[in-house]
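> Okay, so here is coords08.cif, and as you'll see once you scroll down, it has mmCIF, C-alpha atoms and all ligand atoms.
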data_final
loop_
_atom_site.label_atom_id
_atom_site.label_comp_id
_atom_site.auth_asym_id
_atom_site.auth_seq_id
_atom_site.Cartn_x
_atom_site.Cartn_y
_atom_site.Cartn_z
CA MET A 1 -46.09 -229.52 134.59
CA ASP A 2 -44.79 -226.03 135.25
CA LEU A 3 -45.79 -223.24 132.90
CA LEU A 4 -43.57 -220.37 131.90
CA GLU A 5 -44.58 -216.92 133.15
CA HIS A 6 -46.06 -215.91 129.80
CA GLN A 7 -48.08 -219.13 129.53
CA GLY A 8 -49.46 -218.62 133.02
CA LYS A 9 -50.32 -215.04 132.15
CA GLY A 10 -52.13 -216.35 129.09
CA LEU A 11 -54.38 -218.37 131.41
CA PHE A 12 -54.75 -215.33 133.66
CA ALA A 13 -55.82 -213.15 130.75
CA GLY A 14 -58.37 -215.78 129.72
CA ALA A 15 -59.95 -215.46 133.17
CA SER A 16 -59.91 -211.65 132.99
CA LEU A 17 -57.15 -211.29 135.55
CA PRO A 18 -55.36 -207.95 135.09
CA VAL A 19 -52.09 -208.53 133.23
CA LEU A 20 -50.08 -205.97 131.30
CA PRO A 21 -49.67 -205.93 127.51
CA SER A 22 -46.60 -207.95 126.58
CA ARG A 23 -44.80 -209.72 123.71
CA LEU A 24 -42.52 -212.72 123.59
CA ALA A 25 -39.10 -212.23 121.95
CA PHE A 26 -36.40 -214.68 120.91
CA SER A 27 -33.74 -212.15 119.91
CA PRO A 28 -32.60 -208.65 120.92
CA ALA A 29 -34.02 -207.31 117.64
CA GLU A 30 -37.42 -208.86 118.32
CA ALA A 31 -37.34 -207.46 121.84
CA GLN A 32 -36.63 -204.00 120.47
CA VAL A 33 -39.53 -204.20 118.03
CA ALA A 34 -41.80 -205.43 120.83
CA ALA A 35 -40.80 -202.49 123.02
CA GLY A 36 -41.60 -200.12 120.16
CA GLU A 37 -45.07 -201.59 119.84
CA LEU A 38 -45.76 -201.65 123.57
CA GLY A 39 -44.35 -198.23 124.39
CA LEU A 40 -41.51 -197.50 126.80
CA PRO A 41 -40.62 -198.08 129.56
CA VAL A 42 -40.77 -201.85 129.50
CA VAL A 43 -39.50 -204.71 131.60
CA VAL A 44 -37.49 -207.49 129.91
CA LYS A 45 -38.00 -210.80 131.71
CA ALA A 46 -36.22 -214.16 131.32
CA GLN A 47 -38.70 -216.97 130.65
CA VAL A 48 -37.47 -219.87 132.73
CA LYS A 49 -39.23 -222.28 135.02
CA THR A 50 -37.53 -221.19 138.19
CA GLY A 51 -38.01 -218.33 140.64
CA GLY A 52 -35.52 -215.75 141.73
CA ARG A 53 -35.03 -214.38 138.24
CA GLY A 54 -34.93 -210.86 139.61
CA LYS A 55 -32.04 -211.65 141.95
CA ALA A 56 -30.18 -213.48 139.17
CA GLY A 57 -30.33 -210.46 136.84
CA GLY A 58 -33.01 -211.99 134.62
CA ILE A 59 -35.43 -209.03 135.01
CA ARG A 60 -34.46 -205.60 133.68
CA LEU A 61 -36.37 -202.34 133.60
CA CYS A 62 -35.56 -200.44 130.39
CA ALA A 63 -36.27 -196.85 129.43
CA THR A 64 -34.95 -196.83 125.85
CA GLU A 65 -35.01 -199.24 122.89
CA ASP A 66 -31.21 -199.53 123.05
CA GLU A 67 -31.47 -200.59 126.67
CA VAL A 68 -34.08 -203.18 125.67
CA ALA A 69 -31.80 -204.68 123.02
CA ALA A 70 -28.87 -204.72 125.43
CA ALA A 71 -30.93 -206.28 128.23
CA ALA A 72 -32.33 -208.95 125.88
CA ALA A 73 -28.82 -209.72 124.61
CA ASP A 74 -27.60 -210.15 128.19
CA ILE A 75 -30.55 -212.24 129.35
CA LEU A 76 -30.90 -214.51 126.31
CA GLY A 77 -28.38 -217.26 126.75
CA MET A 78 -28.10 -216.72 130.48
CA SER A 79 -28.40 -219.75 132.69
CA ILE A 80 -30.54 -219.20 135.77
CA ARG A 81 -30.17 -222.02 138.31
CA GLY A 82 -29.35 -224.38 135.49
CA HIS A 83 -32.22 -223.22 133.26
CA GLY A 84 -31.08 -221.82 129.92
CA VAL A 85 -33.00 -218.75 128.73
CA SER A 86 -34.26 -219.08 125.16
CA CYS A 87 -36.85 -216.31 125.17
CA VAL A 88 -37.75 -213.14 127.04
CA LEU A 89 -41.06 -211.50 127.79
CA VAL A 90 -41.14 -207.80 127.00
CA GLU A 91 -43.85 -206.21 129.12
CA GLN A 92 -45.12 -202.71 129.73
CA ALA A 93 -43.66 -201.39 132.96
CA VAL A 94 -45.69 -199.93 135.80
CA GLU A 95 -44.86 -197.85 138.83
CA ILE A 96 -45.29 -200.00 141.89
CA ALA A 97 -46.84 -198.58 145.05
CA ARG A 98 -47.26 -201.87 146.94
CA GLU A 99 -46.32 -205.48 146.35
CA LEU A 100 -48.69 -208.19 147.58
CA TYR A 101 -48.59 -211.98 147.43
CA LEU A 102 -51.46 -214.25 146.39
CA ALA A 103 -51.46 -217.97 145.71
CA ILE A 104 -53.69 -221.00 145.66
CA SER A 105 -51.88 -224.28 146.05
CA SER A 106 -52.77 -227.91 146.61
CA SER A 107 -51.75 -228.41 150.20
CA ARG A 108 -50.83 -231.80 151.55
CA ALA A 109 -51.40 -230.63 155.10
CA GLN A 110 -54.90 -229.36 154.23
CA ARG A 111 -55.58 -232.19 151.82
CA GLY A 112 -57.05 -229.63 149.51
CA PRO A 113 -56.66 -226.17 148.04
CA LEU A 114 -55.11 -223.55 150.27
CA LEU A 115 -55.39 -219.85 149.55
CA ILE A 116 -52.42 -217.84 150.78
CA PHE A 117 -52.33 -214.07 150.83
CA ALA A 118 -49.70 -211.74 152.19
CA ALA A 119 -49.74 -207.98 152.33
CA GLU A 120 -45.98 -208.21 151.72
CA GLY A 121 -45.08 -209.54 148.30
CA GLY A 122 -42.21 -209.43 145.87
CA VAL A 123 -39.89 -211.35 148.19
CA ASP A 124 -39.71 -215.05 148.98
CA ILE A 125 -42.90 -216.00 150.74
CA GLU A 126 -40.88 -218.37 152.95
CA GLU A 127 -38.98 -215.33 154.17
CA VAL A 128 -42.20 -213.47 154.99
CA ALA A 129 -43.45 -216.57 156.83
CA ARG A 130 -40.27 -216.61 158.94
CA ARG A 131 -39.96 -212.91 159.59
CA ASN A 132 -43.58 -211.90 159.98
CA PRO A 133 -45.97 -214.87 160.11
CA ALA A 134 -48.85 -212.56 161.06
CA ALA A 135 -48.66 -211.01 157.58
CA LEU A 136 -49.82 -214.31 156.06
CA VAL A 137 -53.48 -215.21 155.63
CA ARG A 138 -53.99 -218.92 155.01
CA THR A 139 -57.49 -219.99 154.05
CA PRO A 140 -58.31 -223.61 153.22
CA VAL A 141 -60.86 -223.83 150.41
CA ASP A 142 -63.41 -226.61 150.33
CA PRO A 143 -63.04 -228.20 146.90
CA LEU A 144 -66.76 -228.99 146.70
CA LEU A 145 -68.01 -225.58 147.82
CA GLY A 146 -65.31 -223.67 146.00
CA LEU A 147 -64.08 -220.29 147.13
CA CYS A 148 -66.74 -218.53 149.20
CA ASP A 149 -67.40 -214.81 149.32
CA TYR A 150 -66.57 -214.55 153.03
CA GLN A 151 -63.13 -215.95 152.26
CA VAL A 152 -62.60 -213.35 149.57
CA ARG A 153 -63.62 -210.63 152.07
CA ASP A 154 -61.12 -211.99 154.62
CA VAL A 155 -58.34 -211.58 152.11
CA VAL A 156 -59.37 -208.08 151.14
CA ALA A 157 -59.60 -207.09 154.81
CA ALA A 158 -56.13 -208.52 155.45
CA GLY A 159 -54.85 -206.45 152.57
CA ALA A 160 -55.56 -203.33 154.61
CA LEU A 161 -54.16 -204.25 157.99
CA GLY A 162 -52.89 -200.87 159.00
CA PRO A 163 -50.01 -198.65 158.08
CA GLU A 164 -47.18 -201.16 158.50
CA HIS A 165 -48.79 -203.58 156.12
CA ALA A 166 -51.29 -201.20 154.67
CA GLY A 167 -52.96 -202.70 151.65
CA PRO A 168 -55.13 -201.43 148.88
CA ASP A 169 -57.53 -199.33 150.87
CA ASP A 170 -59.47 -197.30 148.41
CA THR A 171 -62.68 -198.93 147.33
CA SER A 172 -61.81 -199.59 143.71
CA ALA A 173 -58.52 -201.28 144.62
CA LYS A 174 -60.37 -203.42 147.17
CA GLN A 175 -62.92 -204.42 144.55
CA ALA A 176 -60.11 -205.17 142.11
CA LEU A 177 -58.36 -207.34 144.70
CA ALA A 178 -61.58 -209.26 145.35
CA GLY A 179 -61.96 -209.80 141.61
CA VAL A 180 -58.40 -211.09 141.34
CA VAL A 181 -58.92 -213.59 144.17
CA ARG A 182 -62.10 -214.94 142.57
CA ALA A 183 -60.57 -215.13 139.10
CA LEU A 184 -57.46 -216.88 140.41
CA TRP A 185 -59.68 -219.53 141.96
CA ARG A 186 -61.33 -220.03 138.55
CA VAL A 187 -57.93 -220.47 136.88
CA TYR A 188 -56.80 -222.92 139.56
CA HIS A 189 -60.01 -224.91 139.31
CA ASP A 190 -60.57 -224.88 135.56
CA SER A 191 -57.00 -225.65 134.56
CA ASP A 192 -56.54 -228.44 137.14
CA ALA A 193 -53.64 -226.53 138.64
CA THR A 194 -51.75 -227.58 141.74
CA LEU A 195 -50.30 -224.09 142.08
CA CYS A 196 -51.34 -220.63 140.89
CA GLU A 197 -49.11 -217.97 142.37
CA ILE A 198 -48.93 -214.23 141.78
CA ASN A 199 -45.81 -212.74 143.34
CA PRO A 200 -45.91 -209.85 143.25
CA LEU A 201 -49.51 -208.81 142.80
CA VAL A 202 -49.04 -205.07 142.77
CA VAL A 203 -51.00 -201.93 143.41
CA THR A 204 -49.67 -199.28 141.06
CA THR A 205 -49.17 -195.64 141.97
CA SER A 206 -52.38 -194.92 140.07
CA GLY A 207 -54.27 -197.43 142.24
CA GLU A 208 -54.60 -200.26 139.75
CA VAL A 209 -54.15 -203.88 140.80
CA VAL A 210 -51.95 -205.87 138.37
CA CYS A 211 -50.50 -209.39 138.25
CA LEU A 212 -46.79 -208.75 137.62
CA ASP A 213 -45.68 -212.37 137.76
CA SER A 214 -47.28 -215.78 137.34
CA LYS A 215 -46.27 -219.22 138.46
CA VAL A 216 -48.65 -221.98 137.44
CA THR A 217 -48.24 -225.73 137.80
CA ILE A 218 -50.75 -228.05 136.13
CA ASP A 219 -51.42 -231.48 137.62
CA ASP A 220 -49.70 -233.97 135.30
CA ASN A 221 -52.57 -236.41 135.82
CA ALA A 222 -54.98 -233.89 134.29
CA LEU A 223 -52.88 -233.00 131.26
CA TYR A 224 -55.06 -235.13 128.99
CA ARG A 225 -57.77 -232.53 129.59
CA HIS A 226 -55.46 -229.69 128.56
CA ALA A 227 -53.96 -230.78 125.27
CA ASP A 228 -53.42 -227.16 124.24
CA LEU A 229 -51.37 -226.35 127.32
CA LYS A 230 -49.35 -229.51 126.93
CA ALA A 231 -48.58 -228.85 123.27
CA ASP A 232 -47.72 -225.27 124.10
CA ALA A 233 -45.31 -226.28 126.85
CA GLU A 234 -43.66 -228.93 124.74
CA ALA A 235 -43.17 -226.52 121.85
CA GLY A 236 -40.33 -225.01 123.88
CA ALA A 237 -38.24 -228.05 122.95
CA GLU A 238 -35.19 -226.87 124.84
CA ASP A 239 -37.04 -227.22 128.07
CA ARG A 240 -35.48 -230.07 129.98
CA GLU A 241 -38.53 -231.16 131.93
CA ALA A 242 -40.61 -231.35 128.74
CA ARG A 243 -37.95 -233.42 126.99
CA ALA A 244 -37.79 -235.77 129.95
CA ARG A 245 -41.57 -236.08 130.03
CA LYS A 246 -41.71 -237.00 126.36
CA ALA A 247 -39.20 -239.79 127.01
CA GLY A 248 -41.32 -241.05 129.91
CA LEU A 249 -38.86 -239.93 132.60
CA ALA A 250 -39.75 -238.38 135.93
CA PHE A 251 -37.40 -235.41 136.15
CA VAL A 252 -37.10 -232.49 138.55
CA ALA A 253 -34.22 -230.02 138.35
CA LEU A 254 -32.58 -229.25 141.71
CA ASP A 255 -29.97 -226.68 142.70
CA GLY A 256 -26.92 -228.85 143.39
CA ASP A 257 -24.15 -230.18 141.16
CA ILE A 258 -24.33 -233.97 141.43
CA GLY A 259 -26.43 -235.44 138.63
CA VAL A 260 -28.56 -238.34 139.88
CA LEU A 261 -30.13 -241.07 137.80
CA GLY A 262 -31.85 -244.06 139.31
CA ASN A 263 -34.73 -246.43 138.78
CA GLY A 264 -37.67 -245.87 141.08
CA ALA A 265 -38.70 -242.74 142.92
CA GLY A 266 -37.87 -244.17 146.35
CA LEU A 267 -34.37 -245.15 145.31
CA VAL A 268 -33.74 -241.75 143.75
CA MET A 269 -35.08 -239.87 146.79
CA SER A 270 -33.00 -241.91 149.23
CA THR A 271 -29.95 -241.40 147.01
CA ILE A 272 -30.53 -237.64 147.13
CA ASP A 273 -30.79 -237.83 150.93
CA GLN A 274 -27.57 -239.86 151.13
CA ILE A 275 -25.81 -237.28 148.98
CA ALA A 276 -26.99 -234.50 151.30
CA ALA A 277 -25.89 -236.51 154.36
CA ALA A 278 -22.44 -236.90 152.80
CA GLY A 279 -22.18 -233.13 152.31
CA GLY A 280 -23.07 -232.99 148.61
CA ARG A 281 -26.02 -231.52 146.71
CA ALA A 282 -28.06 -233.25 144.03
CA ALA A 283 -28.54 -231.49 140.69
CA ASP A 284 -31.75 -233.27 139.84
CA PHE A 285 -34.23 -235.98 140.57
CA CYS A 286 -34.28 -238.35 137.59
CA ASP A 287 -36.22 -241.59 137.74
CA ILE A 288 -35.96 -243.73 134.61
CA GLY A 289 -38.70 -246.01 135.93
CA GLY A 290 -38.90 -249.76 135.64
CA GLY A 291 -37.82 -251.71 132.57
CA ALA A 292 -35.99 -248.71 131.11
CA ARG A 293 -34.23 -249.38 127.84
CA ALA A 294 -30.88 -248.16 126.62
CA ASP A 295 -32.32 -245.24 124.63
CA VAL A 296 -34.23 -243.98 127.68
CA VAL A 297 -31.00 -243.99 129.67
CA ALA A 298 -29.35 -242.08 126.86
CA THR A 299 -32.05 -239.37 126.96
CA ALA A 300 -31.86 -239.19 130.75
CA LEU A 301 -28.11 -238.58 130.69
CA ASP A 302 -28.47 -236.03 127.98
CA VAL A 303 -31.12 -234.13 129.96
CA ILE A 304 -29.09 -234.25 133.18
CA LEU A 305 -25.83 -233.14 131.60
CA SER A 306 -27.27 -230.50 129.25
CA THR A 307 -26.96 -227.60 131.70
CA GLY A 308 -23.20 -227.87 132.09
CA SER A 309 -23.57 -227.24 135.82
CA VAL A 310 -23.05 -230.86 136.87
CA SER A 311 -19.71 -231.75 138.53
CA ALA A 312 -20.30 -235.48 138.95
CA LEU A 313 -22.84 -238.04 137.86
CA LEU A 314 -24.19 -240.79 140.07
CA VAL A 315 -26.09 -243.67 138.48
CA SER A 316 -27.75 -245.94 141.01
CA ILE A 317 -29.66 -248.95 139.71
CA PHE A 318 -31.34 -251.62 141.74
CA GLY A 319 -32.40 -254.02 139.03
CA GLY A 320 -35.78 -255.68 139.15
CA ILE A 321 -37.85 -255.29 136.03
CA THR A 322 -35.04 -252.99 134.95
CA ARG A 323 -32.05 -255.04 133.85
CA CYS A 324 -28.68 -253.63 134.87
CA ASP A 325 -27.11 -254.71 131.58
CA GLU A 326 -29.66 -252.65 129.59
CA VAL A 327 -28.79 -249.60 131.66
CA ALA A 328 -25.08 -250.32 131.23
CA CYS A 329 -25.55 -250.45 127.45
CA GLY A 330 -27.32 -247.07 127.56
CA LEU A 331 -24.45 -245.59 129.56
CA VAL A 332 -21.87 -246.96 127.13
CA GLN A 333 -23.90 -245.68 124.18
CA VAL A 334 -23.91 -242.11 125.48
CA LEU A 335 -20.53 -241.95 127.14
CA SER A 336 -18.68 -243.37 124.15
CA GLN A 337 -20.31 -240.87 121.78
CA THR A 338 -20.37 -237.68 123.81
CA ARG A 339 -17.42 -236.42 125.77
CA VAL A 340 -18.49 -236.27 129.37
CA ASP A 341 -15.77 -234.58 131.35
CA VAL A 342 -17.17 -235.18 134.82
CA PRO A 343 -16.57 -238.26 136.94
CA VAL A 344 -19.29 -240.89 136.52
CA VAL A 345 -19.96 -243.30 139.39
CA VAL A 346 -22.17 -246.33 138.81
CA ARG A 347 -23.80 -248.64 141.27
CA LEU A 348 -25.43 -251.76 139.86
CA ASP A 349 -27.26 -254.29 142.00
CA GLY A 350 -30.04 -256.78 141.38
CA SER A 351 -31.27 -258.13 138.07
CA ALA A 352 -28.38 -258.78 135.63
CA ALA A 353 -25.91 -256.78 137.75
CA ALA A 354 -22.98 -259.05 136.87
CA GLU A 355 -23.75 -258.74 133.15
CA GLY A 356 -24.05 -254.97 133.53
CA ARG A 357 -20.69 -254.71 135.28
CA ALA A 358 -19.14 -256.83 132.53
CA VAL A 359 -20.53 -254.46 129.86
CA LEU A 360 -19.00 -251.46 131.66
CA ALA A 361 -15.66 -253.22 132.27
CA GLU A 362 -15.37 -254.12 128.61
CA ALA A 363 -16.17 -250.58 127.45
CA ARG A 364 -13.30 -249.11 129.54
CA LEU A 365 -14.88 -245.67 129.65
CA PRO A 366 -12.49 -243.06 131.00
CA GLY A 367 -13.77 -241.35 134.14
CA LEU A 368 -16.30 -244.08 134.92
CA THR A 369 -16.04 -245.95 138.21
CA VAL A 370 -18.17 -248.90 139.25
CA ALA A 371 -18.74 -248.73 143.01
CA ALA A 372 -18.95 -251.78 145.24
CA ASP A 373 -22.25 -250.66 146.76
CA ALA A 374 -24.67 -247.75 147.08
CA ALA A 375 -22.87 -246.13 150.01
CA GLU A 376 -19.52 -246.20 148.25
CA ALA A 377 -21.11 -244.79 145.10
CA VAL A 378 -22.44 -241.79 147.04
CA ARG A 379 -19.06 -241.22 148.72
CA LEU A 380 -17.20 -241.34 145.41
CA ALA A 381 -19.67 -239.04 143.66
CA VAL A 382 -19.57 -236.43 146.46
CA ALA A 383 -15.76 -236.51 146.57
CA GLY A 384 -15.54 -236.39 142.76
CA ALA A 385 -17.85 -233.38 142.55
CA ALA A 386 -15.97 -231.57 145.32
CA ALA A 387 -12.63 -232.20 143.63
CA ARG A 388 -13.89 -231.06 140.28
CA ALA A 389 -15.53 -227.94 141.64
CA GLY A 390 -12.25 -227.13 143.40
CA ARG A 391 -13.68 -227.60 146.87
CA GLY A 392 -12.03 -229.80 149.44
CA ALA A 393 -13.85 -233.01 150.20
CA PRO A 394 -16.68 -232.14 152.58
CA SER A 395 -15.87 -233.13 156.13
CA GLN A 396 -19.24 -232.63 157.74
CA ALA A 397 -22.73 -233.84 157.11
CA GLY A 398 -24.67 -231.31 155.07
CA PRO A 399 -28.22 -230.15 155.63
CA GLY A 400 -31.17 -232.44 155.12
CA ALA A 401 -33.38 -232.94 152.12
CA PRO A 402 -32.76 -230.45 149.32
CA ARG A 403 -36.35 -229.55 148.69
CA GLU A 404 -39.72 -229.68 150.36
CA GLY A 405 -42.16 -232.24 149.08
P1 LIG B 501 -39.01 -213.34 139.95
O1 LIG B 501 -37.81 -212.66 140.55
O2 LIG B 501 -38.59 -214.51 139.10
O3 LIG B 501 -40.05 -213.70 140.93
O4 LIG B 501 -39.64 -212.28 138.91
P2 LIG B 501 -40.83 -211.19 139.08
O5 LIG B 501 -41.63 -211.21 137.85
O6 LIG B 501 -41.58 -211.41 140.34
O7 LIG B 501 -40.05 -209.82 139.12
C1 LIG B 501 -39.14 -209.52 140.17
C2 LIG B 501 -39.29 -208.08 140.60
O8 LIG B 501 -39.06 -207.21 139.51
C3 LIG B 501 -40.67 -207.72 141.10
O9 LIG B 501 -40.88 -208.06 142.46
C4 LIG B 501 -40.70 -206.22 140.89
O10 LIG B 501 -40.15 -205.58 142.02
C5 LIG B 501 -39.79 -206.01 139.69
N1 LIG B 501 -40.63 -205.69 138.52
C6 LIG B 501 -41.20 -206.56 137.66
N2 LIG B 501 -41.96 -205.90 136.75
C7 LIG B 501 -41.86 -204.58 137.05
C8 LIG B 501 -42.42 -203.36 136.51
O11 LIG B 501 -43.20 -203.33 135.55
N3 LIG B 501 -42.04 -202.18 137.09
C9 LIG B 501 -41.20 -202.14 138.16
N4 LIG B 501 -40.90 -200.95 138.70
N5 LIG B 501 -40.68 -203.26 138.71
C10 LIG B 501 -41.01 -204.45 138.18
MN MN B 502 -41.99 -213.29 141.25
#
For this file, write the structure as structure tokens.


Amino acid sequence: MDLLEHQGKGLFAGASLPVLPSRLAFSPAEAQVAAGELGLPVVVKAQVKTGGRGKAGGIRLCATEDEVAAAAADILGMSIRGHGVSCVLVEQAVEIARELYLAISSSRAQRGPLLIFAAEGGVDIEEVARRNPAALVRTPVDPLLGLCDYQVRDVVAAGALGPEHAGPDDTSAKQALAGVVRALWRVYHDSDATLCEINPLVVTTSGEVVCLDSKVTIDDNALYRHADLKADAEAGAEDREARARKAGLAFVALDGDIGVLGNGAGLVMSTIDQIAAAGGRAADFCDIGGGARADVVATALDVILSTGSVSALLVSIFGGITRCDEVACGLVQVLSQTRVDVPVVVRLDGSAAAEGRAVLAEARLPGLTVAADAAEAVRLAVAGAAARAGRGAPSQAGPGAPREG
């Protein structure tokens, strides 16, 4: 489960990590009041569970209360990579001298926690890794021993590599950096996180070390130990991943425009790969699981289509425990009630496929096509999305998998 920036910063504050005073606001007026309480200048930040907010215009530095209201008005209601913005964080602004990067993540390659530090922060860490791999310090942490002091010292030393990636070099900044590294380990450990990232971790012009951003992911399997976090995250009811989770769906938003719904993670992943191979891009990973009922399908479609950035929908069902006719009923239920103005392509195979096809044939839903097989379904969806988005049909194979993991 991903946390919003302000929720992650709440955990940070609880572990005495240095974060700036801030307030959450749901309207321009609230943002203005918050700025008055905090003192100008402030930064107005979109609260969405995706990175790159800065580039998308979701982060604005404001010097006056009017600017704050205008920035909040612009940002609220924005859609950043398919994530609607329903609240902004108004935070005291600082003057940045240096931007650093610090993260602890659960690494498959290390089979354990991996601490990553870079003396260059603020930008995509993948970009730093490509351009200047030497700037990255990667330290595996033994989960039984925990983070050791020598590892903390390595990071602090790397923070002061020399002028080109000169880090915090005065003693108090070094001590502060060491404290941040230790505290971040505590947050990662105590909240059962799979990712705790601070990008950027900054050194201000007055030499203070501050966490300007937070990105925290909690292990779903440990959520029963963090009822407060779970309730908190689900309170933001507009959040698509939370809605999907409540309905028992596995859902991950992706950057493309072809909505994907299938039963079983393997089927959904291979469908996403097939879409990429055919030159398209999946908008999501949505697994309705086994034995899904009509109402679950209805929720899944609703979640997938709610961003408005989907140009085609591909439903691929290989019935086993899941009966194709149940899924077909769910599709009919949603598509006959809500106007869906994108092409819908359905592939039904396996348990009760013939019955499912009969249900769809009888419903005569406009814009819905039943494909002969999985490959045809992918072709039709990619072509449908391209036509709708005003692109020509893709002629070449696209890049590989849309996302690491
Ligand atoms: P992201 O783009 O979603 O990762 O959002 P961040 O919270 O990392 O903010 C993006 C960038 O905005 C940062 O790298 C900073 O350069 C800038 N920024 C954020 N807060 C402040 C601030 O208080 N003062 C200044 N000068 N810049 C800030
Ligand atoms: Mn950031």

> With 12 Å as the threshold, what does the neighbourhood of (-54.6, -226.9, 137.6) contain in terms of residues, counting all atoms listed in the file? Coordinates are those of the file; answer as a PyMOL selection string.

chain A and resi 1-3+8+11+104-106+113+184-197+215-226+229

> Select, from A:Leu254, A:Val94, A:Val340, A:Ala231, the residue with the minimum atom-to-atom distance to ligand LIG 501 (chain B), counting only C-alpha atoms and all ligand atoms.

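Checking each of A:Leu254, A:Val94, A:Val340, A:Ala231 against ligand LIG 501 (chain B), counting only C-alpha atoms and all ligand atoms, the winner is A:Val94.
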
> From the set A:Val260, A:Val310, A:Ala353, A:Leu380, which residue has the shortest atom-to-atom contact distance to A:Gly279, counting only C-alpha atoms?

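Result for the nearest residue to A:Gly279: A:Leu380.
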
> If you count only C-alpha atoms and all ligand atoms, which residues end up within 7 Å of ligand MN 502 (chain B), as a CSV table (one decimal) with C-alpha atoms, keeping the file's coordinate frame?


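Result file result06.csv:
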chain,number,residue,atom,x,y,z
A,51,GLY,CA,-38.0,-218.3,140.6
A,52,GLY,CA,-35.5,-215.8,141.7
A,122,GLY,CA,-42.2,-209.4,145.9
A,199,ASN,CA,-45.8,-212.7,143.3
A,200,PRO,CA,-45.9,-209.8,143.2
A,213,ASP,CA,-45.7,-212.4,137.8

> Mind dumping a table of every chain A residue within 10 Å of ligand LIG 501 (chain B), with the nearest atom pair and its distance in Å to one decimal, using all atoms listed in the file, sorted by chain and rising number, as CSV?


residue,atom,partner,partner_atom,distance
A:Glu5,CA,B:LIG501,O5,8.0
A:Leu20,CA,B:LIG501,O11,8.5
A:Pro41,CA,B:LIG501,O11,8.4
A:Val42,CA,B:LIG501,O11,6.7
A:Val43,CA,B:LIG501,O11,5.6
A:Val44,CA,B:LIG501,N2,8.3
A:Lys45,CA,B:LIG501,O5,7.1
A:Ala46,CA,B:LIG501,O2,8.1
A:Gln47,CA,B:LIG501,O2,8.8
A:Val48,CA,B:LIG501,O2,8.4
A:Lys49,CA,B:LIG501,O2,8.8
A:Thr50,CA,B:LIG501,O2,6.8
A:Gly51,CA,B:LIG501,O2,4.2
A:Gly52,CA,B:LIG501,O1,4.0
A:Arg53,CA,B:LIG501,O2,3.7
A:Gly54,CA,B:LIG501,O1,3.5
A:Lys55,CA,B:LIG501,O1,6.0
A:Ala56,CA,B:LIG501,O1,7.8
A:Gly57,CA,B:LIG501,O1,8.6
A:Gly58,CA,B:LIG501,O2,7.6
A:Ile59,CA,B:LIG501,O8,6.1
A:Arg60,CA,B:LIG501,O8,7.6
A:Leu61,CA,B:LIG501,C9,6.6
A:Cys62,CA,B:LIG501,N3,9.5
A:Ile80,CA,B:LIG501,O2,9.9
A:Val90,CA,B:LIG501,O11,9.9
A:Glu91,CA,B:LIG501,O11,7.1
A:Gln92,CA,B:LIG501,O11,6.2
A:Ala93,CA,B:LIG501,O11,3.3
A:Val94,CA,B:LIG501,O11,4.2
A:Glu95,CA,B:LIG501,N4,5.0
A:Ile96,CA,B:LIG501,N4,5.5
A:Ala97,CA,B:LIG501,N4,9.0
A:Arg98,CA,B:LIG501,O10,9.4
A:Glu99,CA,B:LIG501,O9,7.2
A:Leu100,CA,B:LIG501,O9,9.3
A:Tyr101,CA,B:LIG501,O9,10.0
A:Gly121,CA,B:LIG501,O9,7.3
A:Gly122,CA,B:LIG501,O9,3.9
A:Val123,CA,B:LIG501,O9,6.7
A:Asp124,CA,B:LIG501,O3,8.2
A:Ile198,CA,B:LIG501,O6,8.0
A:Asn199,CA,B:LIG501,O6,5.4
A:Pro200,CA,B:LIG501,O9,5.4
A:Leu201,CA,B:LIG501,O9,8.7
A:Val202,CA,B:LIG501,C4,8.6
A:Thr204,CA,B:LIG501,N3,9.1
A:Val210,CA,B:LIG501,O11,9.5
A:Cys211,CA,B:LIG501,O5,9.1
A:Leu212,CA,B:LIG501,N2,5.7
A:Asp213,CA,B:LIG501,O5,4.2
A:Ser214,CA,B:LIG501,O5,7.3
A:Lys215,CA,B:LIG501,O3,8.7

> Contacts of A:Asp66 at 12 Å or less, counting all atoms listed in the file, minus same-chain residues fewer than 2 places along, as a list of chain:residue names?

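Here the answer would be A:Pro28, A:Ala29, A:Ala31, A:Gln32, A:Val33, A:Ala35, A:Gly36, A:Leu40, A:Pro41, A:Val42, A:Cys62, A:Ala63, A:Thr64, A:Val68, A:Ala69, A:Ala70, A:Ala71, A:Ala72, A:Ala73.
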
> What does the structure give for the distance between atom CA of A:Leu360 and atom CA of A:Ala328, in Å to one decimal?

6.2 Å

> Here is a test: counting only C-alpha atoms, which residue of A:Ile258, A:Leu136, A:Ala13, A:Leu89 is nearest to A:Ala386?

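Distance minimum relative to A:Ala386 lands on A:Ile258.
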
> When distances are computed from all atoms listed in the file, which of A:Ile116, A:Thr322, A:Pro343, A:Ala354 shows the smallest separation from A:Thr369?

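With all atoms listed in the file as the atom set, the closest residue is A:Pro343.
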
> At what distance in Å, to one decimal, does atom CA of A:Arg153 lie from atom CA of A:Ala109?

23.6 Å

> For atom CA of A:Gln110 and atom CA of A:Val141, quote the distance in Å rounded to one decimal.

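Distance reported for this atom pair: 9.0 Å.
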
> Using all atoms listed in the file, which of A:Ser270, A:Asp170, A:Arg281, A:Gly146 sits nearest A:Gly207?

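Ranked by minimum distance to A:Gly207, first place goes to A:Asp170.
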
> The centre and edge lengths of an axis-aligned box containing all atoms of stretch 273-283 of chain A present in the file, extended by 3 Å on each side, are to be given in Å to one decimal, as JSON.


{"center_x": -26.5, "center_y": -235.7, "center_z": 147.5, "size_x": 14.6, "size_y": 14.4, "size_z": 19.7}
